[in-house]
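A.B. asks: Below is the file query-v6.cif, with mmCIF, C-alpha atoms.
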```
data_query
loop_
_atom_site.label_atom_id
_atom_site.label_comp_id
_atom_site.auth_asym_id
_atom_site.auth_seq_id
_atom_site.Cartn_x
_atom_site.Cartn_y
_atom_site.Cartn_z
CA MET A 1 -62.86 59.18 -54.84
CA THR A 2 -63.78 62.86 -55.04
CA THR A 3 -64.00 63.12 -51.26
CA LEU A 4 -60.60 61.46 -50.86
CA SER A 5 -58.92 63.77 -53.39
CA SER A 6 -60.46 66.85 -51.80
CA GLY A 7 -59.26 65.68 -48.40
CA PHE A 8 -55.71 65.28 -49.72
CA ALA A 9 -55.91 68.74 -51.28
CA ARG A 10 -57.01 70.31 -47.99
CA ALA A 11 -54.26 68.50 -46.10
CA ARG A 12 -51.68 69.67 -48.65
CA ARG A 13 -52.79 73.26 -48.35
CA TRP A 14 -52.68 73.05 -44.57
CA LEU A 15 -49.17 71.61 -44.59
CA ARG A 16 -48.00 74.32 -46.98
CA GLY A 17 -49.37 76.91 -44.59
CA HIS A 18 -47.64 75.23 -41.61
CA PRO A 19 -44.14 74.20 -42.76
CA LEU A 20 -42.87 73.64 -39.22
CA ALA A 21 -45.59 71.06 -38.59
CA PHE A 22 -44.67 69.31 -41.84
CA ASP A 23 -40.99 69.21 -40.87
CA ALA A 24 -41.88 67.84 -37.43
CA ALA A 25 -43.93 65.07 -39.06
CA LEU A 26 -41.06 64.37 -41.47
CA ALA A 27 -38.61 64.17 -38.56
CA PHE A 28 -40.86 61.72 -36.73
CA GLY A 29 -41.20 59.52 -39.82
CA THR A 30 -37.45 59.60 -40.38
CA LEU A 31 -36.81 58.57 -36.78
CA ALA A 32 -39.23 55.66 -37.15
CA ALA A 33 -37.51 54.56 -40.36
CA MET A 34 -34.04 54.76 -38.75
CA ILE A 35 -35.14 52.75 -35.70
CA CYS A 36 -36.72 50.09 -37.92
CA GLY A 37 -33.54 49.96 -40.00
CA SER A 38 -31.40 49.58 -36.89
CA PHE A 39 -33.06 46.20 -36.17
CA THR A 40 -31.81 44.88 -39.52
CA ALA A 41 -28.42 43.21 -39.64
CA PRO A 42 -26.45 43.46 -42.88
CA GLY A 43 -26.20 40.25 -44.89
CA ASP A 44 -23.14 38.04 -44.86
CA GLY A 45 -22.84 37.96 -48.60
CA HIS A 46 -24.89 34.75 -49.06
CA GLY A 47 -28.35 36.15 -48.28
CA PRO A 48 -30.45 39.27 -47.76
CA PRO A 49 -30.30 41.33 -44.57
CA ALA A 50 -32.26 39.80 -41.70
CA PHE A 51 -34.77 41.89 -39.74
CA GLY A 52 -34.67 41.43 -35.96
CA ALA A 53 -31.25 39.87 -35.99
CA ARG A 54 -29.91 42.65 -33.77
CA THR A 55 -30.97 45.30 -31.30
CA PRO A 56 -29.75 48.92 -31.55
CA GLU A 57 -27.51 50.26 -28.83
CA LEU A 58 -28.75 53.05 -26.58
CA PHE A 59 -26.08 55.41 -27.95
CA SER A 60 -27.25 54.71 -31.50
CA VAL A 61 -30.84 55.48 -30.49
CA LEU A 62 -29.62 58.77 -29.00
CA LEU A 63 -27.78 59.68 -32.22
CA MET A 64 -30.81 58.81 -34.34
CA THR A 65 -33.05 60.93 -32.12
CA LEU A 66 -30.72 63.92 -32.33
CA SER A 67 -30.43 63.56 -36.11
CA ALA A 68 -34.21 63.40 -36.53
CA ALA A 69 -34.77 66.32 -34.14
CA ALA A 70 -32.36 68.49 -36.14
CA LEU A 71 -34.55 67.98 -39.24
CA VAL A 72 -37.30 70.09 -37.65
CA LEU A 73 -35.15 73.16 -38.40
CA ARG A 74 -34.06 72.08 -41.88
CA ARG A 75 -35.84 74.99 -43.65
CA ARG A 76 -34.61 77.71 -41.29
CA ARG A 77 -30.99 76.49 -40.90
CA PRO A 78 -30.28 74.11 -43.78
CA MET A 79 -26.47 74.33 -43.64
CA GLN A 80 -26.33 73.95 -39.86
CA VAL A 81 -28.72 70.99 -39.94
CA LEU A 82 -26.61 69.32 -42.63
CA ALA A 83 -23.47 69.84 -40.56
CA VAL A 84 -25.11 68.37 -37.43
CA THR A 85 -26.60 65.32 -39.18
CA GLY A 86 -23.37 64.69 -41.09
CA ALA A 87 -21.33 64.82 -37.89
CA LEU A 88 -23.74 62.42 -36.14
CA SER A 89 -23.45 60.00 -39.07
CA VAL A 90 -19.65 60.09 -38.93
CA VAL A 91 -19.72 59.47 -35.15
CA GLU A 92 -22.06 56.52 -35.67
CA TYR A 93 -19.78 54.95 -38.31
CA VAL A 94 -16.68 55.47 -36.17
CA LEU A 95 -17.96 54.30 -32.76
CA MET A 96 -20.73 51.77 -33.41
CA GLU A 97 -20.54 48.33 -34.96
CA PRO A 98 -22.67 47.57 -36.87
CA PRO A 99 -23.75 51.17 -37.41
CA ALA A 100 -27.38 52.28 -37.27
CA PRO A 101 -28.80 54.14 -40.29
CA VAL A 102 -28.21 57.61 -38.85
CA VAL A 103 -27.15 58.65 -42.35
CA MET A 104 -30.85 58.93 -43.29
CA GLY A 105 -30.95 62.32 -41.58
CA THR A 106 -27.91 63.42 -43.57
CA VAL A 107 -29.59 62.40 -46.84
CA ILE A 108 -32.70 64.51 -46.09
CA ALA A 109 -30.60 67.47 -44.89
CA LEU A 110 -28.48 67.36 -48.07
CA TYR A 111 -31.64 67.31 -50.21
CA THR A 112 -32.89 70.42 -48.36
CA VAL A 113 -29.62 72.28 -48.91
CA ALA A 114 -29.58 71.40 -52.63
CA SER A 115 -33.18 72.52 -53.11
CA ARG A 116 -32.59 75.90 -51.47
CA THR A 117 -29.15 77.00 -52.69
CA ASP A 118 -27.53 77.59 -56.06
CA ARG A 119 -25.94 74.84 -58.12
CA PRO A 120 -22.26 75.63 -57.35
CA THR A 121 -23.00 75.50 -53.61
CA THR A 122 -24.88 72.24 -54.08
CA TRP A 123 -21.90 70.71 -55.89
CA ARG A 124 -19.40 71.79 -53.27
CA VAL A 125 -21.46 70.88 -50.22
CA GLY A 126 -22.84 67.71 -51.76
CA LEU A 127 -19.40 66.44 -52.82
CA LEU A 128 -17.92 67.20 -49.42
CA THR A 129 -20.77 65.45 -47.57
CA THR A 130 -20.78 62.40 -49.85
CA VAL A 131 -17.01 61.92 -49.66
CA ALA A 132 -16.89 62.41 -45.89
CA VAL A 133 -19.70 60.00 -45.04
CA THR A 134 -18.75 57.38 -47.63
CA ALA A 135 -15.05 57.45 -46.75
CA THR A 136 -15.86 57.10 -43.05
CA ALA A 137 -18.11 54.12 -43.74
CA MET A 138 -15.42 52.45 -45.86
CA LEU A 139 -12.56 53.11 -43.45
CA PHE A 140 -14.21 52.36 -40.10
CA GLY A 141 -16.84 49.80 -41.02
CA SER A 142 -16.41 46.09 -40.33
CA THR A 143 -17.50 45.15 -43.83
CA PRO A 144 -15.12 45.40 -46.81
CA TRP A 145 -14.85 48.84 -48.37
CA TYR A 146 -16.49 47.58 -51.54
CA SER A 147 -19.56 46.21 -49.76
CA GLN A 148 -23.01 47.16 -50.99
CA GLU A 149 -23.79 49.01 -47.76
CA ASN A 150 -20.94 51.48 -48.40
CA PHE A 151 -21.92 52.01 -52.03
CA ALA A 152 -25.50 52.47 -50.89
CA VAL A 153 -24.36 55.36 -48.70
CA PHE A 154 -22.60 56.91 -51.70
CA ALA A 155 -25.64 56.40 -53.94
CA TRP A 156 -28.19 57.80 -51.49
CA THR A 157 -26.21 60.95 -50.65
CA GLY A 158 -25.48 61.62 -54.32
CA LEU A 159 -29.12 61.03 -55.23
CA ALA A 160 -30.24 63.45 -52.50
CA GLY A 161 -28.07 66.24 -53.94
CA ALA A 162 -29.24 65.58 -57.51
CA ALA A 163 -32.92 65.45 -56.49
CA GLY A 164 -32.65 68.68 -54.52
CA ASP A 165 -30.98 70.45 -57.44
CA ALA A 166 -33.72 69.24 -59.80
CA VAL A 167 -36.43 70.52 -57.46
CA ARG A 168 -34.69 73.90 -57.20
CA SER A 169 -34.43 74.14 -61.00
CA ARG A 170 -38.10 73.31 -61.40
CA ARG A 171 -39.09 75.93 -58.82
CA ALA A 172 -36.98 78.52 -60.58
CA PHE A 173 -38.57 77.58 -63.91
CA VAL A 174 -42.10 77.82 -62.51
CA ASP A 175 -41.29 81.14 -60.82
CA ALA A 176 -39.87 82.49 -64.08
CA ILE A 177 -43.01 81.48 -65.97
CA ARG A 178 -45.22 83.03 -63.31
CA GLU A 179 -43.16 86.23 -63.26
CA ARG A 180 -43.24 86.40 -67.07
CA ALA A 181 -47.00 85.95 -67.08
CA GLU A 182 -47.43 88.66 -64.45
CA ARG A 183 -45.13 90.99 -66.37
CA ALA A 184 -47.06 90.33 -69.58
CA GLU A 185 -50.32 91.07 -67.76
CA ARG A 186 -48.89 94.30 -66.39
CA THR A 187 -47.64 95.21 -69.85
CA ARG A 188 -51.07 94.62 -71.36
CA GLU A 189 -52.70 96.74 -68.70
CA GLU A 190 -50.15 99.52 -69.13
CA GLU A 191 -50.57 99.38 -72.92
CA ALA A 192 -54.34 99.59 -72.55
CA ARG A 193 -54.03 102.55 -70.19
CA ARG A 194 -51.57 104.23 -72.55
CA ARG A 195 -53.90 103.80 -75.52
CA VAL A 196 -56.83 105.15 -73.54
CA ALA A 197 -54.78 108.16 -72.45
CA GLU A 198 -53.63 108.83 -76.02
CA GLU A 199 -57.18 108.60 -77.32
CA ARG A 200 -58.48 110.92 -74.61
CA LEU A 201 -55.70 113.41 -75.41
CA ARG A 202 -56.47 113.26 -79.12
CA ILE A 203 -60.18 113.86 -78.54
CA ALA A 204 -59.38 116.68 -76.13
CA ARG A 205 -57.21 118.34 -78.79
CA ASP A 206 -60.00 118.04 -81.36
CA LEU A 207 -62.55 119.49 -78.97
CA HIS A 208 -60.23 122.37 -78.09
CA ASP A 209 -59.55 123.18 -81.72
CA VAL A 210 -63.23 123.11 -82.66
CA VAL A 211 -64.47 125.09 -79.67
CA ALA A 212 -61.68 127.67 -79.64
CA HIS A 213 -62.01 128.42 -83.35
CA HIS A 214 -65.76 128.66 -83.69
CA ILE A 215 -66.48 130.30 -80.36
CA ALA A 216 -63.88 132.97 -81.15
CA LEU A 217 -65.63 133.69 -84.45
CA VAL A 218 -69.04 133.73 -82.77
CA ASN A 219 -67.71 136.16 -80.17
CA VAL A 220 -66.30 138.51 -82.80
CA GLN A 221 -69.41 138.49 -85.00
CA ALA A 222 -71.72 138.88 -82.01
CA GLY A 223 -69.71 141.92 -80.92
CA VAL A 224 -69.96 143.39 -84.40
CA ALA A 225 -73.72 142.79 -84.47
CA ALA A 226 -74.19 144.45 -81.08
CA HIS A 227 -72.11 147.44 -82.17
CA VAL A 228 -73.96 148.16 -85.43
CA MET A 229 -77.44 146.92 -84.48
CA ASP A 230 -78.97 150.41 -84.16
CA LYS A 231 -77.18 152.32 -86.93
CA ARG A 232 -76.59 149.63 -89.58
CA PRO A 233 -79.12 146.81 -89.15
CA ASP A 234 -78.20 145.23 -92.50
CA GLN A 235 -74.60 144.75 -91.39
CA ALA A 236 -75.81 143.45 -88.03
CA LYS A 237 -78.01 140.94 -89.86
CA GLU A 238 -75.03 139.79 -91.90
CA ALA A 239 -72.92 139.38 -88.74
CA LEU A 240 -75.68 137.34 -87.11
CA ALA A 241 -75.81 135.13 -90.19
CA HIS A 242 -72.09 134.47 -89.76
CA VAL A 243 -72.76 133.66 -86.09
CA ARG A 244 -75.38 131.15 -87.16
CA ASP A 245 -73.03 129.55 -89.72
CA ALA A 246 -70.15 129.36 -87.25
CA SER A 247 -72.33 127.83 -84.53
CA ARG A 248 -73.74 125.29 -87.00
CA SER A 249 -70.22 124.33 -88.07
CA ALA A 250 -69.15 124.02 -84.44
CA LEU A 251 -72.08 121.74 -83.69
CA ASN A 252 -71.33 119.56 -86.71
CA GLU A 253 -67.67 119.17 -85.82
CA LEU A 254 -68.53 118.49 -82.18
CA ARG A 255 -70.97 115.80 -83.31
CA VAL A 256 -68.29 114.13 -85.38
CA THR A 257 -65.71 114.33 -82.59
CA VAL A 258 -68.01 113.15 -79.83
CA GLY A 259 -69.25 110.43 -82.15
CA LEU A 260 -65.87 108.78 -81.76
CA LEU A 261 -66.88 107.99 -78.17
CA ARG A 262 -69.86 105.93 -79.22
CA GLN A 263 -69.92 102.23 -78.45
CA GLN A 264 -70.15 99.72 -81.24
CA GLY A 265 -73.74 99.39 -82.42
CA ASP A 266 -74.84 102.86 -81.32
CA PRO A 267 -76.96 104.70 -83.88
CA GLU A 268 -75.87 107.67 -85.95
CA ALA A 269 -72.19 106.75 -86.17
CA PRO A 270 -70.23 109.61 -87.76
CA THR A 271 -69.61 109.23 -91.46
CA GLU A 272 -68.22 112.64 -92.36
CA PRO A 273 -64.53 112.78 -93.24
CA ALA A 274 -62.16 114.64 -90.96
CA PRO A 275 -61.38 118.20 -92.07
CA GLY A 276 -58.20 118.79 -94.02
CA LEU A 277 -56.47 121.14 -96.43
CA ALA A 278 -59.10 120.39 -99.06
CA VAL A 279 -61.51 122.60 -97.09
CA LEU A 280 -58.89 125.18 -96.15
CA GLY A 281 -60.68 127.77 -98.28
CA GLU A 282 -63.84 127.46 -96.23
CA LEU A 283 -61.83 127.86 -93.03
CA VAL A 284 -60.09 130.97 -94.32
CA ASP A 285 -63.43 132.44 -95.46
CA THR A 286 -64.76 132.26 -91.90
CA PHE A 287 -61.86 134.39 -90.72
CA ARG A 288 -62.22 136.83 -93.62
CA ASN A 289 -65.89 137.21 -92.77
CA ALA A 290 -64.85 137.98 -89.20
CA GLY A 291 -62.67 140.83 -90.45
CA LEU A 292 -59.25 139.15 -90.59
CA PRO A 293 -57.54 139.47 -93.99
CA VAL A 294 -55.76 136.22 -94.78
CA GLU A 295 -53.51 135.43 -97.72
CA VAL A 296 -53.07 131.75 -98.58
CA ALA A 297 -50.41 129.93 -100.56
CA CYS A 298 -51.10 126.20 -100.52
CA ALA A 299 -49.89 123.41 -102.79
CA ASP A 300 -50.37 119.61 -102.85
CA ARG A 301 -53.29 119.88 -100.48
CA ASP A 302 -54.97 116.73 -101.80
CA ARG A 303 -51.94 114.44 -101.74
CA LEU A 304 -51.11 114.23 -98.04
CA PRO A 305 -51.75 111.32 -95.66
CA ALA A 306 -54.93 111.71 -93.64
CA ALA A 307 -53.16 112.23 -90.30
CA VAL A 308 -50.77 114.82 -91.75
CA ASP A 309 -53.62 116.55 -93.59
CA LEU A 310 -55.67 116.85 -90.40
CA ALA A 311 -52.67 118.05 -88.35
CA ALA A 312 -51.84 120.76 -90.90
CA TYR A 313 -55.47 121.89 -90.94
CA ARG A 314 -55.67 122.07 -87.14
CA VAL A 315 -52.38 123.98 -86.86
CA ILE A 316 -53.63 126.59 -89.31
CA GLN A 317 -57.02 126.76 -87.58
CA GLU A 318 -55.54 127.25 -84.12
CA ALA A 319 -52.92 129.74 -85.30
CA LEU A 320 -55.50 131.91 -87.14
CA THR A 321 -57.85 131.69 -84.15
CA ASN A 322 -55.11 133.06 -81.92
CA VAL A 323 -54.36 135.81 -84.43
CA ARG A 324 -57.99 136.87 -84.46
CA LYS A 325 -58.28 136.77 -80.66
CA HIS A 326 -55.01 138.31 -79.56
CA ALA A 327 -53.14 140.08 -82.36
CA GLY A 328 -55.06 143.34 -82.10
CA ALA A 329 -56.73 145.55 -84.68
CA ALA A 330 -55.70 146.11 -88.34
CA VAL A 331 -53.83 142.83 -88.45
CA ARG A 332 -53.16 140.69 -91.49
CA ALA A 333 -52.24 137.01 -91.63
CA GLU A 334 -50.40 134.88 -94.15
CA VAL A 335 -50.71 131.10 -94.50
CA SER A 336 -48.40 128.94 -96.56
CA VAL A 337 -48.27 125.17 -97.06
CA VAL A 338 -45.17 124.09 -98.95
CA ARG A 339 -43.96 120.62 -99.84
CA VAL A 340 -40.20 120.33 -99.18
CA GLY A 341 -38.86 116.91 -100.04
CA ALA A 342 -40.35 114.33 -97.69
CA THR A 343 -41.89 116.98 -95.43
CA VAL A 344 -44.63 119.59 -95.51
CA GLU A 345 -43.96 122.99 -93.96
CA VAL A 346 -46.93 124.91 -92.61
CA THR A 347 -46.34 128.57 -91.73
CA VAL A 348 -48.75 131.11 -90.28
CA LEU A 349 -47.53 134.73 -89.95
CA ASP A 350 -49.18 137.88 -88.72
CA ASN A 351 -48.14 141.49 -88.22
CA GLY A 352 -50.17 142.09 -85.05
CA ARG A 353 -48.81 143.68 -81.92
CA GLY A 354 -51.14 141.95 -79.47
CA SER A 355 -53.46 143.29 -76.81
CA ALA A 356 -51.73 143.85 -73.49
CA GLY A 357 -54.99 143.75 -71.64
CA ARG A 358 -55.72 140.24 -72.88
CA ARG A 359 -52.28 138.71 -72.53
CA PRO A 360 -51.61 137.32 -69.05
CA GLY A 361 -48.53 139.00 -67.69
CA ALA A 362 -48.04 141.17 -70.80
CA GLY A 363 -46.26 144.48 -70.61
CA PRO A 364 -47.19 147.73 -72.32
CA VAL A 365 -47.27 147.93 -76.08
CA GLY A 366 -44.75 150.20 -77.70
CA GLY A 367 -41.04 150.87 -77.89
CA ASP A 368 -38.51 149.98 -80.52
CA ALA A 369 -38.53 147.01 -82.87
CA HIS A 370 -37.36 144.54 -80.30
CA ALA A 371 -39.93 145.73 -77.82
CA GLY A 372 -42.54 145.48 -80.52
CA ALA A 373 -41.61 141.91 -81.14
CA GLY A 374 -42.03 141.14 -77.50
CA ALA A 375 -45.33 142.96 -77.39
CA GLY A 376 -46.51 140.98 -80.37
CA VAL A 377 -46.42 137.76 -78.39
CA TYR A 378 -49.98 136.93 -77.57
CA GLY A 379 -51.15 134.07 -75.39
CA GLU A 380 -54.30 132.15 -74.67
CA GLU A 381 -57.07 133.92 -72.80
CA PRO A 382 -57.24 132.87 -69.14
CA GLU A 383 -60.51 130.99 -69.60
CA SER A 384 -59.11 128.84 -72.41
CA GLY A 385 -56.59 127.12 -70.15
CA GLY A 386 -53.57 127.93 -72.33
CA HIS A 387 -53.64 124.75 -74.44
CA GLY A 388 -53.35 126.21 -77.96
CA LEU A 389 -49.62 125.83 -78.55
CA VAL A 390 -49.53 122.70 -76.42
CA GLY A 391 -52.18 121.08 -78.58
CA MET A 392 -50.39 122.05 -81.80
CA ARG A 393 -47.10 120.73 -80.46
CA GLU A 394 -48.65 117.42 -79.42
CA ARG A 395 -50.26 116.95 -82.81
CA VAL A 396 -47.07 117.64 -84.69
CA THR A 397 -44.70 115.66 -82.50
CA ALA A 398 -47.08 112.70 -82.47
CA LEU A 399 -46.48 112.46 -86.23
CA GLY A 400 -42.72 112.80 -85.89
CA GLY A 401 -42.58 116.45 -86.88
CA ALA A 402 -41.41 119.66 -85.23
CA LEU A 403 -43.14 122.92 -84.33
CA THR A 404 -41.75 126.32 -83.39
CA ALA A 405 -43.73 129.35 -82.37
CA GLY A 406 -42.61 132.78 -81.26
CA PRO A 407 -42.55 136.51 -81.94
CA ARG A 408 -41.18 137.90 -85.18
CA TYR A 409 -38.52 140.56 -85.34
CA GLY A 410 -40.28 143.86 -85.79
CA GLY A 411 -43.63 142.68 -84.50
CA GLY A 412 -46.08 139.92 -85.09
CA PHE A 413 -46.02 136.22 -84.45
CA ARG A 414 -44.88 133.16 -86.39
CA VAL A 415 -46.02 129.54 -86.16
CA HIS A 416 -43.98 127.07 -88.19
CA ALA A 417 -44.69 123.32 -88.34
CA ILE A 418 -42.69 120.69 -90.21
CA LEU A 419 -44.67 117.51 -90.85
CA PRO A 420 -43.30 114.33 -92.46
CA VAL A 421 -45.31 113.14 -95.43
CA GLU A 422 -45.24 109.61 -94.00
CA ALA A 423 -46.62 110.08 -90.47
CA ARG A 424 -44.84 108.17 -87.70
CA THR A 425 -47.25 107.99 -84.78
CA GLY A 426 -46.30 107.11 -81.24
CA GLU A 427 -42.80 108.65 -81.29
CA PRO A 428 -41.62 110.43 -78.14
CA GLU A 429 -41.68 114.16 -78.05
CA ARG A 430 -38.50 115.89 -79.04
CA PRO A 431 -37.23 118.48 -76.63
CA GLY A 432 -37.54 122.06 -77.71
CA THR A 433 -39.82 121.42 -80.71
CA ALA A 434 -42.60 123.74 -79.59
CA GLY A 435 -42.77 127.05 -77.93
CA GLY A 436 -39.14 127.86 -78.30
CA THR A 437 -39.87 131.09 -76.48
CA GLY A 438 -41.49 129.21 -73.62
CA ILE A 439 -44.77 131.05 -74.39
CA ARG A 440 -47.99 129.01 -74.44
CA ARG A 441 -51.25 130.01 -75.92
#
```
Could you take the file, read its structure, and then write that structure out as structure tokens?
C.D. replies:
Amino acid sequence: MTTLSSGFARARRWLRGHPLAFDAALAFGTLAAMICGSFTAPGDGHGPPAFGARTPELFSVLLMTLSAAALVLRRRRPMQVLAVTGALSVVEYVLMEPPAPVVMGTVIALYTVASRTDRPTTWRVGLLTTVAVTATAMLFGSTPWYSQENFAVFAWTGLAGAAGDAVRSRRAFVDAIRERAERAERTREEEARRRVAEERLRIARDLHDVVAHHIALVNVQAGVAAHVMDKRPDQAKEALAHVRDASRSALNELRVTVGLLRQQGDPEAPTEPAPGLAVLGELVDTFRNAGLPVEVACADRDRLPAAVDLAAYRVIQEALTNVRKHAGAAVRAEVSVVRVGATVEVTVLDNGRGSAGRRPGAGPVGGDAHAGAGAGVYGEEPESGGHGLVGMRERVTALGGALTAGPRYGGGFRVHAILPVEARTGEPERPGTAGGTGIRR
């Protein structure tokens, strides 16, 4: 039984791959059925039809052969094949008595048209074909118009149209299910890729914030230590201690961030909480130790959602890092975190004028107030890739907030972030929420 079923399956696949061969076999079978039917004489009303009671005429055999031959092209030219087979059936009913079953070709052609066209076309073509063939059989046949042979013609042509329409509907249903499944699969793959990209971007932002902040502090303290090593060794020792603390903090934060990439079951999974405004004092102290005076005004630091708390912390960290790297000497910074209704506003100000030598494309420092404001715009160092403001913007807009950054009138720089207390992740970026001046750092 298994061998027989596998043989049928192989034959079915072969026929599907060779439709013309299948149609040729169907045409040959139809011709055989029509010739066998032509040897049967219709009953006289008192008994069943008798096989072998008559012999088909040569003209009828010719019409049956032409009708069967036309079925070979039924897939490529369904309408034309239906017209040819229908015309041959009408000719048979008009000229021959008793008629041969040439109408079998018309039935198969009508089924093909119904299975390959839309329903309105099937109704129109099917009704026209059924009426034409049935009316011809009733008007020109030798039997009464109400004979069973005439009603059989009506029934078979109508059944062919209905069966073809049902097959077309089923094919459309199966295709819709297949297309829906494929679309769902594509959607799942796109969603997975989107989540992976978002996670990679989030980790990249964390790594940038950690590295940029701590390496900037290490650079400053190392420079101080090198400058005072010979004349003031105690101060150099203190600077090196700050370098050690900053590098240790950088390593710890990198361990926590990279730990997010571990697979389930890996040892030493990170357990430390993400930094937030609760440790803002420690962050500010690192900048004060590096020689940057910072004034802080912060409220409600322990009552923010975790995502908002982390975003506010990272914005302040990145903004102060940029102040220390690019704002120049004798600069002061101010940090404020204020709760305003359902939002938290984070502001970082400085009065620096920037370093023209370290700002890509910067002009000379000096001039009036407006020129000073322009000179106070500092950007990322070339080796940092210019992702500071971009990272802050992405963090803020991912939570549904807004960020603006630009020079202050009279000199200095201002970073202002508005974060909703209830974070809304996954929202699209709003145009113009970051870098209103078009300056990236």
A.B. asks: Which neighbours of Ala162 in chain A fall inside 10 Å, counting all atoms listed in the file, when residues of the same chain fewer than 6 positions from it are skipped, and could you give them as a tab-separated table (two decimals) with C-alpha atoms, in the frame of the given file?
C.D. replies:
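Writing done, so here's around_23.tsv:
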```
chain	number	residue	atom	x	y	z
A	110	LEU	CA	-28.48	67.36	-48.07
A	111	TYR	CA	-31.64	67.31	-50.21
A	114	ALA	CA	-29.58	71.40	-52.63
A	115	SER	CA	-33.18	72.52	-53.11
A	119	ARG	CA	-25.94	74.84	-58.12
A	122	THR	CA	-24.88	72.24	-54.08
A	123	TRP	CA	-21.90	70.71	-55.89
A	126	GLY	CA	-22.84	67.71	-51.76
A	156	TRP	CA	-28.19	57.80	-51.49
A	168	ARG	CA	-34.69	73.90	-57.20
```
A.B. asks: Taking (-52.1, 114.5, -99.0) in the coordinates of the supplied file, I want to know which residues reach to within 12 Å of it, counting only C-alpha atoms; could you give the answer as a ChimeraX atom specification?
C.D. replies: /A:276-278,298-313,337-339,342-344,419-423
A.B. asks: Based on the selection just made, write C-alpha atoms of those residues as a tab-separated table (two decimals), keeping the file's coordinate frame.
C.D. replies:
```tsv
chain	number	residue	atom	x	y	z
A	276	GLY	CA	-58.20	118.79	-94.02
A	277	LEU	CA	-56.47	121.14	-96.43
A	278	ALA	CA	-59.10	120.39	-99.06
A	298	CYS	CA	-51.10	126.20	-100.52
A	299	ALA	CA	-49.89	123.41	-102.79
A	300	ASP	CA	-50.37	119.61	-102.85
A	301	ARG	CA	-53.29	119.88	-100.48
A	302	ASP	CA	-54.97	116.73	-101.80
A	303	ARG	CA	-51.94	114.44	-101.74
A	304	LEU	CA	-51.11	114.23	-98.04
A	305	PRO	CA	-51.75	111.32	-95.66
A	306	ALA	CA	-54.93	111.71	-93.64
A	307	ALA	CA	-53.16	112.23	-90.30
A	308	VAL	CA	-50.77	114.82	-91.75
A	309	ASP	CA	-53.62	116.55	-93.59
A	310	LEU	CA	-55.67	116.85	-90.40
A	311	ALA	CA	-52.67	118.05	-88.35
A	312	ALA	CA	-51.84	120.76	-90.90
A	313	TYR	CA	-55.47	121.89	-90.94
A	337	VAL	CA	-48.27	125.17	-97.06
A	338	VAL	CA	-45.17	124.09	-98.95
A	339	ARG	CA	-43.96	120.62	-99.84
A	342	ALA	CA	-40.35	114.33	-97.69
A	343	THR	CA	-41.89	116.98	-95.43
A	344	VAL	CA	-44.63	119.59	-95.51
A	419	LEU	CA	-44.67	117.51	-90.85
A	420	PRO	CA	-43.30	114.33	-92.46
A	421	VAL	CA	-45.31	113.14	-95.43
A	422	GLU	CA	-45.24	109.61	-94.00
A	423	ALA	CA	-46.62	110.08	-90.47
```
A.B. asks: Using Å and a single decimal, report how far CA of Leu82 in chain A sits from CA of Phe173 in chain A.
C.D. replies: 25.8 Å
A.B. asks: Record the distance separating CA of Val103 in chain A and CA of Arg12 in chain A, expressed in Å with one decimal.
C.D. replies: 27.6 Å
A.B. asks: Can you work out which one of A:Arg188, A:Thr106, A:Tyr146, A:Gly391 has the shortest atom-to-atom distance to Leu207 in chain A, counting only C-alpha atoms?
C.D. replies: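 When distances to Leu207 in chain A are compared using only C-alpha atoms, the smallest one comes from A:Gly391.
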A.B. asks: So, with all atoms listed in the file as the atoms that count, which of A:Ile316, A:Ala137, A:Leu389, A:Leu20 lies closest to Arg74 in chain A?
C.D. replies: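 Selected residue with least distance to Arg74 in chain A: A:Leu20.
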A.B. asks: Go ahead and compute the interatomic distance for CA of Ala417 in chain A and CA of Ala333 in chain A, in Å to one decimal.
C.D. replies: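 These two atoms are separated by 16.0 Å.
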A.B. asks: How would you write, as an MDAnalysis selection string, the residues chosen by the PyMOL selection byres ((chain A and resi 72) around 12) on this structure?
C.D. replies: chainID A and resid 19:31 65:71 73:78 80:82 85 105 108:109 112
A.B. asks: Care to translate the PyMOL selection byres ((chain A and resi 405) around 6) into actual residues of this file, as a short mmCIF file (atom, residue, chain, number, x, y, z; two decimals) with C-alpha atoms, in the frame of the given file?
C.D. replies:
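Saved the output as expr15.cif:
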```
data_model
loop_
_atom_site.label_atom_id
_atom_site.label_comp_id
_atom_site.auth_asym_id
_atom_site.auth_seq_id
_atom_site.Cartn_x
_atom_site.Cartn_y
_atom_site.Cartn_z
CA THR A 404 -41.75 126.32 -83.39
CA GLY A 406 -42.61 132.78 -81.26
CA ARG A 414 -44.88 133.16 -86.39
CA VAL A 415 -46.02 129.54 -86.16
CA GLY A 435 -42.77 127.05 -77.93
#
```
A.B. asks: Taking only C-alpha atoms into account, name the residue in A:Gly291, A:Met104, A:Val91, A:Ala132 that is nearest to Gly37 in chain A.
C.D. replies: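 Using only C-alpha atoms, Gly37 in chain A sits closest to A:Met104.
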A.B. asks: What does the PyMOL selection byres ((chain A and resi 329) around 10) select in this file, as a list of chain:residue names?
C.D. replies: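 What the PyMOL selection byres ((chain A and resi 329) around 10) grabs from the file is A:Gly291, A:Leu292, A:Arg324, A:Lys325, A:His326, A:Ala327, A:Gly328, A:Ala330, A:Val331, A:Arg332, A:Gly352, A:Arg353, A:Gly354, A:Ser355.
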A.B. asks: Would you compute the box with edges along x, y and z of the file around range 175-191 of chain A, including every atom the file lists for it and 4 Å extra on each side, and give its centre and edge lengths in Å to one decimal, as lines of an AutoDock Vina configuration file?
C.D. replies:
```
center_x = -46.3
center_y = 90.3
center_z = -66.9
size_x = 20.8
size_y = 26.4
size_z = 20.1
```
